[in-house]
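What follows is a single structure, written as structure tokens, with notes after it.
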Amino acid sequence: MGFDTSGLLPLSDALQGMLAQLDGCSESEQLPLPEALGRVLAMDIASPLSVPPFDNSAMDGYAVRLADLAGGAPLIMAGKAFAGQPYQGEWPAGHCVRIMTGAPVPAGTDAVVMQEETQADGDRITFLTTPVPGQNIRRRGEDIREGASVLAAGTRLTAREMPLLASLGIASVSVRRPLKVAIFSTGDELKPVGTPLAHGDIYDSNRYGVRAMLDRMGCDCLDLGIIPDDPAQLRAAFLKADREADALITTGGVSVGEADFTKQLLEELGEIGFWKLAIKPGKPFAFGRLPHAWFFGLPGNPVSAMVTFDQLVQPALAKLAGQRFERPLQLQAIATEPLKKAPGRLDFQRGILAQGQNGLEVRSTGSQDSAVFSSLSRANCYIVLERERGRVAAGETVTVEPFGGLLL
Ligand code: AMP
Ligand code: MG
């Protein structure tokens, strides 16, 4: 893998290295459409019908034949077409049909003239404009043609896909089984919320972040709680996770001072790489394989844990879940204040992006220490600063990445 002279592994190499090893899960189940929300399609979907299924009116108005309008005389209304109630009567020359939005256009219709461009005197309709052929007609299949591919396997079903599938009459879909992901926090200093803290203790906050992000990804979470820095208890937790889950995510215990401990244990149980990533926050990171589950060891510092989950674990879990994954767009913005940065690592600083008078502007959330969680909670984007870049002066252009689904 691409370690360079600094001994640090670039983020892109770490990602590629992980993704190359991971395979998507192939188990699937058929679910009624409403229950499939948030799940990942197991199969491509081709449209069983055309949308719209028939030529219909885009306006409330009158269906006309252009030849009838040529003389400029008023037309007589032959009848009415409503959505769900097509006009089925005769349509003699010199007549028009009153038509509502969504109603099928009667055979022979050349155009629909909107009501506002007509004058009605009883059944005699005068047309104030001359329509062009096809005006205000939505054509059969104009949105989706029968047989066309609409959604690809790997698509996560959201509020945007559900009505699309319903419009095709699809009542149930084949979706991938959700991933089961075990999590635990490590550290003798960690106490669960709802209990008092002794001197030297802190609350275990990482598990709440990791759980929330897993929930956002649609994974089933097996929460194994807090495991103290004790080899026997750690071992038992690793083995339980390996038996019961597809993947295990831990936080803490992978930094230089603590890694030896976990390292020994994990090397005995599986094949794990302990990496020093060329990113900030989030240098220490472990990835590998237990006998039956994938392992992701995140740093203990709360900001580092969230950022490495978002940047590295998210794409990896997406691949395991059979889900297509794209990172949020990156944009350019003007830094309104100087940003501290030393060359050597790719920085994911936390920023506040806003619309300024001359375009997008971004400022820092303050201290970027990886233990300062408010730097993340007050942010709405990453300020992504290139590895070799140094300090940023006010007014310089920087790359920003608005937070994606996991952090919203
Ligand atoms: P470690 O990676 O275990 O050396 O932890 C690095 C720092 O993150 C230490 O200050 C830990 O106390 C803190 N930390 C570790 N795990 C958690 C957690 N679950 N919640 C909050 N802080 C943590
Ligand atoms: Mg620790």
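To be explicit about the labels: the chains of the structure tokens are called A, B, and onward in the order shown, and within each one the residues are counted from 1, while ligands get numbers from 1 in the order they are shown.
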
List every residue of chain A that has an atom at most 6 Å from any atom of ligand 2, giving for each one its closest atom pair and the distance in Å to one decimal, counting only C-alpha atoms and all ligand atoms, sorted by chain and then by ascending residue number, as a Markdown table.
| residue | atom | partner | partner_atom_place_in_ligand_line | distance |
| --- | --- | --- | --- | --- |
| A:Thr186 | CA | ligand 2 | 1 (Mg) | 5.8 |
| A:Gly187 | CA | ligand 2 | 1 (Mg) | 4.2 |
| A:Gly252 | CA | ligand 2 | 1 (Mg) | 4.6 |
| A:Gly253 | CA | ligand 2 | 1 (Mg) | 4.6 |

| field | Cut-off 8 Å, only C-alpha atoms and all ligand atoms, neighbours of ligand 1 as a list in words | value |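 Final answer, ordered by chain and number: Ser185, Thr186, Gly187, Glu189, Leu190, Ile202, Tyr203, Asp204, Ser205, Asn206, Arg207, Ile226, Thr251, Gly252, Gly253, Val254, Ser255, Val256, Gly257, Glu258, Pro284, Leu298, Pro299, Gly300, Asn301, Pro302 and Ala371 of chain A.
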
| request: Go through A:Leu329, A:Ile334, A:Val384, A:Val313 one by one, measure the shortest atom-to-atom distance of each to Asp347 in chain A using only C-alpha atoms, and give the residue with the smallest value. | output: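 Of all the options, A:Val384 lies closest to Asp347 in chain A.
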
Check which residues of range 330-370 of chain A sit at most 7 Å from range 387-400 of chain A using only C-alpha atoms, and return one row each with the closest pair of atoms and their distance in Å to one decimal, ordered by chain and rising number, as JSON lines.
{"residue": "A:Gln330", "atom": "CA", "partner": "A:Val400", "partner_atom": "CA", "distance": 5.6}
{"residue": "A:Leu331", "atom": "CA", "partner": "A:Val400", "partner_atom": "CA", "distance": 5.3}
{"residue": "A:Gln332", "atom": "CA", "partner": "A:Thr399", "partner_atom": "CA", "distance": 4.7}
{"residue": "A:Ala333", "atom": "CA", "partner": "A:Val398", "partner_atom": "CA", "distance": 5.5}
{"residue": "A:Ile334", "atom": "CA", "partner": "A:Thr397", "partner_atom": "CA", "distance": 4.5}
{"residue": "A:Ala335", "atom": "CA", "partner": "A:Gly395", "partner_atom": "CA", "distance": 5.4}
{"residue": "A:Thr336", "atom": "CA", "partner": "A:Ala394", "partner_atom": "CA", "distance": 5.1}
{"residue": "A:Glu337", "atom": "CA", "partner": "A:Ala394", "partner_atom": "CA", "distance": 4.3}
{"residue": "A:Pro338", "atom": "CA", "partner": "A:Ala393", "partner_atom": "CA", "distance": 4.4}
{"residue": "A:Leu339", "atom": "CA", "partner": "A:Val392", "partner_atom": "CA", "distance": 4.9}
{"residue": "A:Lys340", "atom": "CA", "partner": "A:Arg391", "partner_atom": "CA", "distance": 5.0}
{"residue": "A:Lys341", "atom": "CA", "partner": "A:Arg391", "partner_atom": "CA", "distance": 4.6}
{"residue": "A:Ala342", "atom": "CA", "partner": "A:Gly390", "partner_atom": "CA", "distance": 4.9}
{"residue": "A:Pro343", "atom": "CA", "partner": "A:Glu388", "partner_atom": "CA", "distance": 4.5}
{"residue": "A:Gly344", "atom": "CA", "partner": "A:Arg387", "partner_atom": "CA", "distance": 5.4}
{"residue": "A:Arg345", "atom": "CA", "partner": "A:Arg387", "partner_atom": "CA", "distance": 4.6}
{"residue": "A:Leu346", "atom": "CA", "partner": "A:Arg387", "partner_atom": "CA", "distance": 4.1}
{"residue": "A:Asp347", "atom": "CA", "partner": "A:Arg387", "partner_atom": "CA", "distance": 6.9}

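Coordinates place CA of Phe403 in chain A at a distance of 23.6 Å from CA of Pro178 in chain A.
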
| request: Pull the helix (DSSP H, G or I) assignments for range 26-125 of chain A out of DSSP run on the backbone, and list those residues as an MDAnalysis selection string. | output: chainID A and resid 33:36 66:69 115:117

| said: With distances taken over only C-alpha atoms, which residue among A:Ala259, A:Ala286, A:Val64, A:Ala20 lies nearest Ile272 in chain A? | reply: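 Among A:Ala259, A:Ala286, A:Val64, A:Ala20, it is A:Ala286 that comes nearest to Ile272 in chain A.
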
| Do you know which residues are at most 9 Å from range 157-172 of chain A counting only C-alpha atoms, after dropping those on the same chain fewer than 6 positions away, and could you put them as a list in words? |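 My list of contacting residues is Gln30, Leu31, Pro32, Leu33, Pro34, Glu35, Ala36, Leu37, Gly38, Arg39, Val40, Leu41, Ile45, Ser47, Pro48, Leu49, Ser50, Val51, Pro52, Val150 and Leu151 of chain A.
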
| said: What parts of range 119-334 of chain A does DSSP call strand (DSSP E)? I'd like the answer as JSON, numbers by chain. | reply: {"A": [119, 120, 121, 124, 125, 126, 127, 137, 138, 149, 150, 151, 172, 173, 174, 175, 176, 180, 181, 182, 183, 184, 185, 186, 190, 191, 202, 203, 220, 221, 222, 223, 224, 225, 226, 227, 247, 248, 249, 250, 251, 271, 272, 273, 274, 275, 276, 279, 280, 284, 285, 286, 287, 288, 289, 294, 295, 296, 297, 298, 331, 332, 333, 334]}

| task | Determine, counting only C-alpha atoms, which protein, DNA and RNA residues have an atom within 9 Å of an atom of Val307 in chain A; residues of the same chain fewer than 5 positions away are not included. Present the result as a list in words. | result |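 So, after excluding close chain neighbours, the residues are Lys280, Pro281, Gly282, Pro302, Leu312 and Phe348 of chain A.
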
| task | Go ahead and compute the interatomic distance for CA of Gly154 in chain A and CA of Lys240 in chain A, in Å to one decimal. | result |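 If I compute the distance from CA of Gly154 in chain A to CA of Lys240 in chain A, I get 29.3 Å.
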
| Distance query range 208-216 of chain A at most 10 Å, only C-alpha atoms, self and fewer than 5 positions along chain excluded, as an MDAnalysis selection string | chainID A and resid 38 179:185 221:223 249:251 302:303 305:306 309:310 314 317 405:408

| request: Write out as a ChimeraX atom specification which residues come within 10 Å of Gln21 in chain A when counting only C-alpha atoms, dropping same-chain ones fewer than 5 positions away. | output: /A:16,288-289,316

Using C-alpha atoms, can you export the residues from the last selection as a CSV table (one decimal), in the first residue's frame?
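Output file out.csv follows:
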chain,number,residue,atom,x,y,z
A,16,GLN,CA,-8.8,1.9,-2.4
A,288,GLY,CA,-8.9,-5.9,8.6
A,289,ARG,CA,-10.6,-9.2,8.8
A,316,ALA,CA,-16.7,0.6,3.0

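You will find CA of Pro402 in chain A at 23.0 Å from CA of Cys219 in chain A.
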
| Contacts of range 92-98 of chain A at 8 Å (only C-alpha atoms; same-chain gap of 3+ positions) as a ChimeraX atom specification | /A:61-65,68-69,75-81,87,106
